[in-house]
Every structure is written in structure tokens, then in C-alpha cells.
$ cat target-v7.cif   # mmCIF, N, CA and C atoms
data_target
loop_
_atom_site.label_atom_id
_atom_site.label_comp_id
_atom_site.auth_asym_id
_atom_site.auth_seq_id
_atom_site.Cartn_x
_atom_site.Cartn_y
_atom_site.Cartn_z
N MET A 1 173.37 210.17 94.64
CA MET A 1 173.57 210.35 93.22
C MET A 1 173.19 211.78 92.86
N ALA A 2 173.95 212.40 91.98
CA ALA A 2 173.71 213.78 91.56
C ALA A 2 172.50 213.85 90.63
N CYS A 3 171.93 215.05 90.57
CA CYS A 3 170.73 215.25 89.76
C CYS A 3 170.97 216.40 88.79
N LEU A 4 170.30 216.37 87.64
CA LEU A 4 170.42 217.41 86.63
C LEU A 4 169.05 217.68 86.04
N ASN A 5 168.67 218.94 85.98
CA ASN A 5 167.40 219.31 85.35
C ASN A 5 167.67 219.71 83.91
N LEU A 6 166.87 219.19 83.01
CA LEU A 6 166.99 219.53 81.59
C LEU A 6 165.70 220.16 81.13
N TRP A 7 165.79 221.08 80.18
CA TRP A 7 164.63 221.76 79.65
C TRP A 7 164.41 221.33 78.21
N PHE A 8 163.19 220.92 77.90
CA PHE A 8 162.81 220.50 76.56
C PHE A 8 161.57 221.27 76.12
N THR A 9 161.43 221.43 74.81
CA THR A 9 160.16 221.95 74.31
C THR A 9 159.13 220.84 74.48
N GLU A 10 157.87 221.18 74.37
CA GLU A 10 156.81 220.16 74.47
C GLU A 10 157.00 219.09 73.40
N GLU A 11 157.37 219.51 72.20
CA GLU A 11 157.57 218.55 71.11
C GLU A 11 158.74 217.62 71.39
N GLU A 12 159.83 218.18 71.90
CA GLU A 12 160.99 217.35 72.24
C GLU A 12 160.65 216.36 73.34
N LEU A 13 159.95 216.83 74.35
CA LEU A 13 159.59 215.95 75.47
C LEU A 13 158.62 214.87 75.02
N ASP A 14 157.68 215.21 74.16
CA ASP A 14 156.77 214.20 73.61
C ASP A 14 157.54 213.13 72.85
N ALA A 15 158.50 213.56 72.04
CA ALA A 15 159.31 212.61 71.27
C ALA A 15 160.14 211.73 72.19
N LEU A 16 160.71 212.33 73.23
CA LEU A 16 161.50 211.58 74.20
C LEU A 16 160.65 210.54 74.91
N ARG A 17 159.48 210.95 75.36
CA ARG A 17 158.59 210.02 76.05
C ARG A 17 158.15 208.88 75.13
N ALA A 18 157.82 209.22 73.89
CA ALA A 18 157.39 208.20 72.93
C ALA A 18 158.49 207.20 72.66
N ARG A 19 159.69 207.69 72.48
CA ARG A 19 160.82 206.79 72.20
C ARG A 19 161.12 205.89 73.39
N ALA A 20 161.12 206.47 74.58
CA ALA A 20 161.37 205.68 75.79
C ALA A 20 160.29 204.61 75.95
N GLU A 21 159.04 205.01 75.75
CA GLU A 21 157.93 204.07 75.88
C GLU A 21 158.04 202.95 74.86
N SER A 22 158.45 203.29 73.63
CA SER A 22 158.57 202.26 72.59
C SER A 22 159.62 201.21 72.93
N GLU A 23 160.57 201.60 73.78
CA GLU A 23 161.61 200.66 74.22
C GLU A 23 161.30 200.07 75.59
N GLY A 24 160.12 200.40 76.12
CA GLY A 24 159.73 199.85 77.42
C GLY A 24 160.58 200.37 78.56
N ARG A 25 161.01 201.63 78.46
CA ARG A 25 161.90 202.20 79.47
C ARG A 25 161.29 203.48 80.02
N SER A 26 161.81 203.89 81.14
CA SER A 26 161.38 205.18 81.69
C SER A 26 162.06 206.29 80.89
N THR A 27 161.41 207.45 80.90
CA THR A 27 161.99 208.60 80.22
C THR A 27 163.33 208.96 80.84
N GLN A 28 163.41 208.90 82.15
CA GLN A 28 164.65 209.23 82.85
C GLN A 28 165.79 208.28 82.45
N SER A 29 165.51 206.99 82.44
CA SER A 29 166.51 206.01 82.07
C SER A 29 166.96 206.19 80.62
N PHE A 30 166.00 206.43 79.75
CA PHE A 30 166.32 206.61 78.34
C PHE A 30 167.19 207.85 78.14
N ALA A 31 166.81 208.98 78.77
CA ALA A 31 167.57 210.22 78.65
C ALA A 31 168.97 210.06 79.22
N HIS A 32 169.07 209.40 80.38
CA HIS A 32 170.38 209.17 80.99
C HIS A 32 171.29 208.41 80.04
N ASP A 33 170.80 207.32 79.50
CA ASP A 33 171.63 206.51 78.61
C ASP A 33 171.98 207.24 77.33
N ALA A 34 171.08 208.09 76.83
CA ALA A 34 171.36 208.87 75.62
C ALA A 34 172.49 209.87 75.88
N VAL A 35 172.47 210.51 77.03
CA VAL A 35 173.52 211.48 77.36
C VAL A 35 174.85 210.77 77.53
N ILE A 36 174.86 209.67 78.27
CA ILE A 36 176.10 208.92 78.48
C ILE A 36 176.65 208.41 77.15
N SER A 37 175.77 207.94 76.28
CA SER A 37 176.19 207.48 74.95
C SER A 37 176.83 208.61 74.15
N ALA A 38 176.25 209.80 74.21
CA ALA A 38 176.80 210.95 73.49
C ALA A 38 178.18 211.33 74.04
N VAL A 39 178.33 211.30 75.36
CA VAL A 39 179.62 211.61 75.97
C VAL A 39 180.67 210.59 75.54
N ASN A 40 180.31 209.31 75.59
CA ASN A 40 181.24 208.26 75.21
C ASN A 40 181.60 208.35 73.73
N GLU A 41 180.63 208.66 72.89
CA GLU A 41 180.89 208.77 71.45
C GLU A 41 181.82 209.95 71.18
N HIS A 42 181.62 211.06 71.86
CA HIS A 42 182.49 212.21 71.69
C HIS A 42 183.92 211.85 72.08
N SER A 43 184.08 211.17 73.20
CA SER A 43 185.41 210.75 73.65
C SER A 43 186.05 209.80 72.64
N ARG A 44 185.25 208.88 72.12
CA ARG A 44 185.78 207.93 71.13
C ARG A 44 186.23 208.65 69.87
N LEU A 45 185.44 209.58 69.39
CA LEU A 45 185.81 210.34 68.19
C LEU A 45 187.05 211.18 68.41
N PHE A 46 187.16 211.78 69.59
CA PHE A 46 188.36 212.56 69.91
C PHE A 46 189.59 211.67 69.92
N ASP A 47 189.50 210.53 70.58
CA ASP A 47 190.63 209.60 70.64
C ASP A 47 191.00 209.11 69.25
N GLU A 48 190.01 208.84 68.42
CA GLU A 48 190.26 208.38 67.05
C GLU A 48 190.97 209.47 66.25
N ALA A 49 190.54 210.71 66.39
CA ALA A 49 191.18 211.82 65.68
C ALA A 49 192.61 212.02 66.17
N ALA A 50 192.83 211.94 67.46
CA ALA A 50 194.18 212.10 68.02
C ALA A 50 195.10 210.99 67.51
N ASP A 51 194.61 209.77 67.47
CA ASP A 51 195.41 208.66 66.94
C ASP A 51 195.76 208.90 65.48
N HIS A 52 194.80 209.40 64.71
CA HIS A 52 195.04 209.67 63.29
C HIS A 52 196.11 210.75 63.12
N VAL A 53 196.02 211.83 63.89
CA VAL A 53 197.01 212.91 63.80
C VAL A 53 198.38 212.39 64.17
N LEU A 54 198.48 211.59 65.22
CA LEU A 54 199.77 211.04 65.61
C LEU A 54 200.34 210.13 64.51
N LYS A 55 199.48 209.36 63.89
CA LYS A 55 199.94 208.45 62.84
C LYS A 55 200.46 209.20 61.62
N VAL A 56 199.69 210.19 61.15
CA VAL A 56 200.10 210.90 59.93
C VAL A 56 201.28 211.85 60.17
N SER A 57 201.51 212.24 61.42
CA SER A 57 202.64 213.13 61.71
C SER A 57 203.82 212.38 62.35
N GLU A 58 203.75 211.07 62.32
CA GLU A 58 204.78 210.27 62.98
C GLU A 58 206.18 210.58 62.45
N GLU A 59 206.34 210.63 61.15
CA GLU A 59 207.64 210.90 60.55
C GLU A 59 208.13 212.28 60.90
N LEU A 60 207.28 213.28 60.80
CA LEU A 60 207.65 214.65 61.16
C LEU A 60 208.05 214.72 62.63
N ASN A 61 207.28 214.11 63.49
CA ASN A 61 207.61 214.11 64.92
C ASN A 61 208.96 213.44 65.18
N ARG A 62 209.24 212.37 64.43
CA ARG A 62 210.53 211.69 64.59
C ARG A 62 211.67 212.61 64.20
N ARG A 63 211.51 213.34 63.09
CA ARG A 63 212.56 214.26 62.62
C ARG A 63 212.76 215.43 63.58
N LEU A 64 211.67 215.89 64.19
CA LEU A 64 211.76 217.04 65.08
C LEU A 64 212.30 216.68 66.46
N ALA A 65 212.29 215.41 66.80
CA ALA A 65 212.71 214.98 68.15
C ALA A 65 214.21 215.10 68.34
#

$ encode --input "target-v7.cif" --output "C-alpha cells"
Amino acid sequence: MACLNLWFTEEELDALRARAESEGRSTQSFAHDAVISAVNEHSRLFDEAADHVLKVSEELNRRLA
């Protein structure tokens, strides 16, 4: 499995550790899932925007075809 080093301020790392601990998880597991969630959310938002653009330009695209 690949590895990635991340740099945090002391305050950020303290907050990360506290949040992970409050959920009964390791800091590594919590950070991993947070990153994957952000990636998935970005992809979802992009797909949603693309669908919206296709929908609102459907008539124009039909005329230009």
C-alpha cells in the first residue's frame, strides 16, 4: 500500500487527534477517510455540475448538432 506524509501545524494535529479519539478511531484512519471523503465529494459535485450544464444547454446542443 502506498504512503503519504502530510504536514500539519501543532493546532491542526491536536484537533485531528482529538476528533479521531472522540470517534474511537486512529488518527491515520480518520485522516484517510477524511481525504477519501473530500475526493469523493469533489467528484460528486463535478458530476452534478456537468449534469446541470448538459441539462440547461440541451436545446442549444440539439440545434447545433

$ atom_distance --input "target-v7.cif" --atom1 "atom C of Arg17 of chain A" --atom2 "atom C of Glu41 of chain A"
24.0 Å

$ closest_residue --input "target-v7.cif" --among "A:Glu48, A:His32, A:Asn61, A:Glu23" --to "Cys3 of chain A" --atoms "only C-alpha atoms"
A:His32

$ closest_residue --input "target-v7.cif" --among "A:Phe46, A:Glu59, A:Leu64, A:Ala31" --to "Trp7 of chain A" --atoms "only C-alpha atoms"
A:Ala31

$ atom_distance --input "target-v7.cif" --atom1 "atom CA of Ala65 of chain A" --atom2 "atom CA of His52 of chain A"
19.1 Å

$ atom_distance --input "target-v7.cif" --atom1 "atom N of Asp33 of chain A" --atom2 "atom N of Ala49 of chain A"
23.9 Å

$ axis_aligned_box --input "target-v7.cif" --around "segment 3-13 of chain A" --padding-each-side "3 Å" --output "lines of an AutoDock Vina configuration file"
center_x = 164.4
center_y = 218.4
center_z = 80.8
size_x = 21.1
size_y = 13.1
size_z = 25.5

$ decode --input "target-v7.cif" --residues "segment 30-50 of chain A" --atoms "N, CA, C and O atoms" --output "PDB file, in the first residue's frame"
ATOM      1  N   PHE A  30      -8.760   8.072  10.596  1.00  0.00           N
ATOM      2  CA  PHE A  30      -9.637   9.233  10.479  1.00  0.00           C
ATOM      3  C   PHE A  30      -9.188  10.135   9.333  1.00  0.00           C
ATOM      4  O   PHE A  30      -9.999  10.569   8.510  1.00  0.00           O
ATOM      5  N   ALA A  31      -7.879  10.424   9.250  1.00  0.00           N
ATOM      6  CA  ALA A  31      -7.348  11.286   8.194  1.00  0.00           C
ATOM      7  C   ALA A  31      -7.562  10.651   6.822  1.00  0.00           C
ATOM      8  O   ALA A  31      -7.955  11.327   5.861  1.00  0.00           O
ATOM      9  N   HIS A  32      -7.318   9.340   6.721  1.00  0.00           N
ATOM     10  CA  HIS A  32      -7.533   8.636   5.454  1.00  0.00           C
ATOM     11  C   HIS A  32      -8.967   8.797   4.983  1.00  0.00           C
ATOM     12  O   HIS A  32      -9.223   9.172   3.835  1.00  0.00           O
ATOM     13  N   ASP A  33      -9.907   8.520   5.864  1.00  0.00           N
ATOM     14  CA  ASP A  33     -11.313   8.599   5.480  1.00  0.00           C
ATOM     15  C   ASP A  33     -11.735  10.025   5.148  1.00  0.00           C
ATOM     16  O   ASP A  33     -12.557  10.246   4.254  1.00  0.00           O
ATOM     17  N   ALA A  34     -11.161  11.012   5.827  1.00  0.00           N
ATOM     18  CA  ALA A  34     -11.480  12.415   5.543  1.00  0.00           C
ATOM     19  C   ALA A  34     -11.002  12.805   4.143  1.00  0.00           C
ATOM     20  O   ALA A  34     -11.720  13.482   3.395  1.00  0.00           O
ATOM     21  N   VAL A  35      -9.815  12.361   3.780  1.00  0.00           N
ATOM     22  CA  VAL A  35      -9.282  12.672   2.452  1.00  0.00           C
ATOM     23  C   VAL A  35     -10.117  11.988   1.376  1.00  0.00           C
ATOM     24  O   VAL A  35     -10.491  12.608   0.375  1.00  0.00           O
ATOM     25  N   ILE A  36     -10.410  10.714   1.565  1.00  0.00           N
ATOM     26  CA  ILE A  36     -11.217   9.980   0.581  1.00  0.00           C
ATOM     27  C   ILE A  36     -12.601  10.608   0.452  1.00  0.00           C
ATOM     28  O   ILE A  36     -13.133  10.750  -0.655  1.00  0.00           O
ATOM     29  N   SER A  37     -13.186  11.013   1.560  1.00  0.00           N
ATOM     30  CA  SER A  37     -14.492  11.679   1.535  1.00  0.00           C
ATOM     31  C   SER A  37     -14.429  12.977   0.736  1.00  0.00           C
ATOM     32  O   SER A  37     -15.334  13.276  -0.059  1.00  0.00           O
ATOM     33  N   ALA A  38     -13.375  13.754   0.923  1.00  0.00           N
ATOM     34  CA  ALA A  38     -13.217  15.013   0.184  1.00  0.00           C
ATOM     35  C   ALA A  38     -13.067  14.755  -1.316  1.00  0.00           C
ATOM     36  O   ALA A  38     -13.656  15.463  -2.140  1.00  0.00           O
ATOM     37  N   VAL A  39     -12.297  13.734  -1.675  1.00  0.00           N
ATOM     38  CA  VAL A  39     -12.119  13.387  -3.081  1.00  0.00           C
ATOM     39  C   VAL A  39     -13.458  12.972  -3.691  1.00  0.00           C
ATOM     40  O   VAL A  39     -13.838  13.423  -4.780  1.00  0.00           O
ATOM     41  N   ASN A  40     -14.187  12.121  -2.992  1.00  0.00           N
ATOM     42  CA  ASN A  40     -15.479  11.657  -3.491  1.00  0.00           C
ATOM     43  C   ASN A  40     -16.477  12.801  -3.600  1.00  0.00           C
ATOM     44  O   ASN A  40     -17.244  12.865  -4.566  1.00  0.00           O
ATOM     45  N   GLU A  41     -16.472  13.706  -2.635  1.00  0.00           N
ATOM     46  CA  GLU A  41     -17.391  14.842  -2.666  1.00  0.00           C
ATOM     47  C   GLU A  41     -17.058  15.760  -3.836  1.00  0.00           C
ATOM     48  O   GLU A  41     -17.946  16.241  -4.524  1.00  0.00           O
ATOM     49  N   HIS A  42     -15.790  15.984  -4.090  1.00  0.00           N
ATOM     50  CA  HIS A  42     -15.386  16.809  -5.224  1.00  0.00           C
ATOM     51  C   HIS A  42     -15.866  16.176  -6.527  1.00  0.00           C
ATOM     52  O   HIS A  42     -16.405  16.872  -7.401  1.00  0.00           O
ATOM     53  N   SER A  43     -15.681  14.881  -6.670  1.00  0.00           N
ATOM     54  CA  SER A  43     -16.137  14.177  -7.871  1.00  0.00           C
ATOM     55  C   SER A  43     -17.649  14.266  -8.015  1.00  0.00           C
ATOM     56  O   SER A  43     -18.164  14.484  -9.117  1.00  0.00           O
ATOM     57  N   ARG A  44     -18.356  14.116  -6.909  1.00  0.00           N
ATOM     58  CA  ARG A  44     -19.820  14.195  -6.953  1.00  0.00           C
ATOM     59  C   ARG A  44     -20.270  15.584  -7.379  1.00  0.00           C
ATOM     60  O   ARG A  44     -21.160  15.731  -8.232  1.00  0.00           O
ATOM     61  N   LEU A  45     -19.664  16.619  -6.820  1.00  0.00           N
ATOM     62  CA  LEU A  45     -20.028  17.990  -7.181  1.00  0.00           C
ATOM     63  C   LEU A  45     -19.716  18.287  -8.641  1.00  0.00           C
ATOM     64  O   LEU A  45     -20.499  18.953  -9.331  1.00  0.00           O
ATOM     65  N   PHE A  46     -18.582  17.789  -9.126  1.00  0.00           N
ATOM     66  CA  PHE A  46     -18.235  17.975 -10.538  1.00  0.00           C
ATOM     67  C   PHE A  46     -19.269  17.304 -11.433  1.00  0.00           C
ATOM     68  O   PHE A  46     -19.748  17.904 -12.409  1.00  0.00           O
ATOM     69  N   ASP A  47     -19.606  16.064 -11.121  1.00  0.00           N
ATOM     70  CA  ASP A  47     -20.595  15.335 -11.916  1.00  0.00           C
ATOM     71  C   ASP A  47     -21.945  16.033 -11.889  1.00  0.00           C
ATOM     72  O   ASP A  47     -22.635  16.128 -12.912  1.00  0.00           O
ATOM     73  N   GLU A  48     -22.327  16.542 -10.733  1.00  0.00           N
ATOM     74  CA  GLU A  48     -23.598  17.258 -10.595  1.00  0.00           C
ATOM     75  C   GLU A  48     -23.588  18.530 -11.450  1.00  0.00           C
ATOM     76  O   GLU A  48     -24.574  18.838 -12.125  1.00  0.00           O
ATOM     77  N   ALA A  49     -22.494  19.266 -11.432  1.00  0.00           N
ATOM     78  CA  ALA A  49     -22.388  20.485 -12.242  1.00  0.00           C
ATOM     79  C   ALA A  49     -22.420  20.147 -13.730  1.00  0.00           C
ATOM     80  O   ALA A  49     -23.089  20.840 -14.511  1.00  0.00           O
ATOM     81  N   ALA A  50     -21.720  19.110 -14.129  1.00  0.00           N
ATOM     82  CA  ALA A  50     -21.712  18.700 -15.539  1.00  0.00           C
ATOM     83  C   ALA A  50     -23.114  18.299 -15.989  1.00  0.00           C
ATOM     84  O   ALA A  50     -23.551  18.685 -17.085  1.00  0.00           O
TER      85      ALA A  50
END
